[in-house]
Amino acid sequence: MLWNDIDGSILFNKVFTKPIEVRKIDIFDIKIDREAATVIISFDLIDELPDNPPPKWTKGYNRCRCGLNCSGVNHLKIEGMSTEMPANITIGMHTKNNEVIIKGRSIFLNLKCSHIQLMGPSVYISQ
């Protein structure tokens, strides 16, 4: 699966000129909204930076932040927590239930939902 193929990837496809595989991320935060049955996962891509940034973006950036907005969540399991959460991610797009699995040394997340939308990207400089 490619980040470029997920719903909402219009900006992503403008700043990345090559296909980017869904594989390694560093989780920044996870927000759960029970009323809207939504989970939003914000993360940095590991070892991937935009190669066609717009001129207004910060020069010298070394991190790329994206997110997944998962709506219609009907299954959620989260284990672990840390101040650093690098992990592998897989996304399965299915007719009725999409699935996101995130596995790292300090985090495990599994969710099933009706829709997944990519958010971002944005860039920043990390020390």
# chains A, B, ... in the order shown; residues from 1 in each chain; ligands from 1
$ select_by_dssp --residues "chain A" --states "strand (DSSP E)" --output "VMD selection string"
chain A and resid 24 to 33 38 to 45 63 to 71 75 to 79 86 to 92 98 to 103 108 to 113 115 to 124
$ residues_around --residues "Gly67 of chain A" --least-positions-apart "5" --cutoff "7 Å" --atoms "only C-alpha atoms" --output "list in words"
Ile40, Ile41, Ser42, Phe43, Leu118, Met119 and Gly120 of chain A
$ write_last_selection --atoms "all heavy atoms" --output "tab-separated table (two decimals), in the first residue's frame"
chain	number	residue	atom	x	y	z
A	40	ILE	N	-7.97	9.88	15.36
A	40	ILE	CA	-7.01	10.62	14.54
A	40	ILE	C	-5.61	10.30	15.07
A	40	ILE	O	-5.33	10.49	16.25
A	40	ILE	CB	-7.27	12.13	14.59
A	40	ILE	CG1	-8.65	12.43	13.99
A	40	ILE	CG2	-6.17	12.89	13.85
A	40	ILE	CD1	-9.09	13.87	14.12
A	41	ILE	N	-4.77	9.82	14.18
A	41	ILE	CA	-3.40	9.44	14.52
A	41	ILE	C	-2.47	10.40	13.79
A	41	ILE	O	-2.48	10.46	12.57
A	41	ILE	CB	-3.10	7.99	14.09
A	41	ILE	CG1	-4.14	7.04	14.67
A	41	ILE	CG2	-1.68	7.60	14.51
A	41	ILE	CD1	-4.16	5.68	14.00
A	42	SER	N	-1.69	11.18	14.55
A	42	SER	CA	-0.69	12.08	13.96
A	42	SER	C	0.68	11.43	14.12
A	42	SER	O	0.99	10.88	15.18
A	42	SER	CB	-0.70	13.43	14.66
A	42	SER	OG	-1.96	14.04	14.53
A	43	PHE	N	1.49	11.53	13.07
A	43	PHE	CA	2.79	10.85	13.08
A	43	PHE	C	3.74	11.52	12.10
A	43	PHE	O	3.33	12.25	11.20
A	43	PHE	CB	2.62	9.38	12.70
A	43	PHE	CG	1.88	9.17	11.41
A	43	PHE	CD1	2.54	9.18	10.19
A	43	PHE	CD2	0.50	8.99	11.41
A	43	PHE	CE1	1.85	9.02	9.00
A	43	PHE	CE2	-0.20	8.81	10.23
A	43	PHE	CZ	0.48	8.83	9.02
A	118	LEU	N	-6.13	10.52	4.63
A	118	LEU	CA	-4.80	11.03	4.94
A	118	LEU	C	-4.88	12.53	5.21
A	118	LEU	O	-5.60	13.26	4.54
A	118	LEU	CB	-3.86	10.77	3.76
A	118	LEU	CG	-2.40	11.16	3.94
A	118	LEU	CD1	-1.75	10.30	5.03
A	118	LEU	CD2	-1.65	11.00	2.62
A	119	MET	N	-4.15	12.98	6.23
A	119	MET	CA	-4.07	14.40	6.55
A	119	MET	C	-2.63	14.86	6.36
A	119	MET	O	-1.70	14.13	6.66
A	119	MET	CB	-4.50	14.64	8.01
A	119	MET	CG	-5.90	14.17	8.31
A	119	MET	SD	-6.46	14.47	9.99
A	119	MET	CE	-5.07	14.05	10.99
A	120	GLY	N	-2.46	16.06	5.87
A	120	GLY	CA	-1.13	16.61	5.67
A	120	GLY	C	-0.62	16.31	4.28
A	120	GLY	O	-1.41	15.98	3.39
$ residues_around --residues "His115 of chain A" --least-positions-apart "4" --cutoff "8 Å" --atoms "only C-alpha atoms" --output "PyMOL selection string"
chain A and resi 70-72+97-98
$ closest_residue --among "A:Val15, A:Ser126, A:Met1, A:Gly8" --to "Pro55 of chain A" --atoms "only C-alpha atoms"
A:Val15
$ residues_around --residues "Asn74 of chain A" --least-positions-apart "4" --cutoff "8 Å" --atoms "only C-alpha atoms" --output "PDB file with N, CA, C and O atoms, in the first residue's frame"
ATOM      1  N   ALA A  37     -17.183   8.642  16.690  1.00  0.00           N
ATOM      2  CA  ALA A  37     -16.548   7.343  16.421  1.00  0.00           C
ATOM      3  C   ALA A  37     -15.344   7.518  15.502  1.00  0.00           C
ATOM      4  O   ALA A  37     -15.209   6.858  14.483  1.00  0.00           O
ATOM      5  N   LEU A 111      -7.155  -0.945  14.773  1.00  0.00           N
ATOM      6  CA  LEU A 111      -8.497  -0.403  14.674  1.00  0.00           C
ATOM      7  C   LEU A 111      -9.122  -0.808  13.352  1.00  0.00           C
ATOM      8  O   LEU A 111      -8.438  -1.071  12.375  1.00  0.00           O
ATOM      9  N   LYS A 112     -10.441  -0.875  13.369  1.00  0.00           N
ATOM     10  CA  LYS A 112     -11.228  -1.147  12.176  1.00  0.00           C
ATOM     11  C   LYS A 112     -12.219  -0.007  12.038  1.00  0.00           C
ATOM     12  O   LYS A 112     -12.808   0.440  13.021  1.00  0.00           O
ATOM     13  N   CYS A 113     -12.375   0.472  10.802  1.00  0.00           N
ATOM     14  CA  CYS A 113     -13.227   1.630  10.566  1.00  0.00           C
ATOM     15  C   CYS A 113     -13.805   1.600   9.158  1.00  0.00           C
ATOM     16  O   CYS A 113     -13.355   0.833   8.304  1.00  0.00           O
TER      17      CYS A 113
END
$ residues_around --residues "Thr17 of chain A" --least-positions-apart "6" --cutoff "8 Å" --atoms "only C-alpha atoms" --output "VMD selection string"
chain A and resid 50 to 52
$ write_last_selection --atoms "N, CA and C atoms" --output "compact mmCIF listing (two decimals), in the first residue's frame"
# COMPACT_ATOMS: atom_id res chain seq x y z
N PRO A 50 9.48 15.26 1.69
CA PRO A 50 8.99 15.71 0.38
C PRO A 50 10.15 16.16 -0.51
N ASP A 51 10.08 15.79 -1.78
CA ASP A 51 11.13 16.18 -2.73
C ASP A 51 10.69 17.32 -3.66
N ASN A 52 9.44 17.79 -3.51
CA ASN A 52 8.92 18.88 -4.32
C ASN A 52 8.12 19.85 -3.45
$ atom_distance --atom1 "atom CA of Thr58 of chain A" --atom2 "atom CA of Val123 of chain A"
7.4 Å
$ atom_distance --atom1 "atom CA of Trp3 of chain A" --atom2 "atom CA of Pro19 of chain A"
7.5 Å
$ closest_residue --among "A:Tyr124, A:Glu99, A:Phe108, A:Ile20" --to "Leu68 of chain A" --atoms "only C-alpha atoms"
A:Glu99
$ select_by_dssp --residues "chain A" --states "helix (DSSP H, G or I)" --output "list in words"
Trp3, Asn4, Asp5, Ile10, Leu11, Phe12, Asn13, Lys14 and Val15 of chain A
$ closest_residue --among "A:Ser114, A:Asn4, A:Asn62, A:Ser82" --to "Thr95 of chain A" --atoms "only C-alpha atoms"
A:Ser114
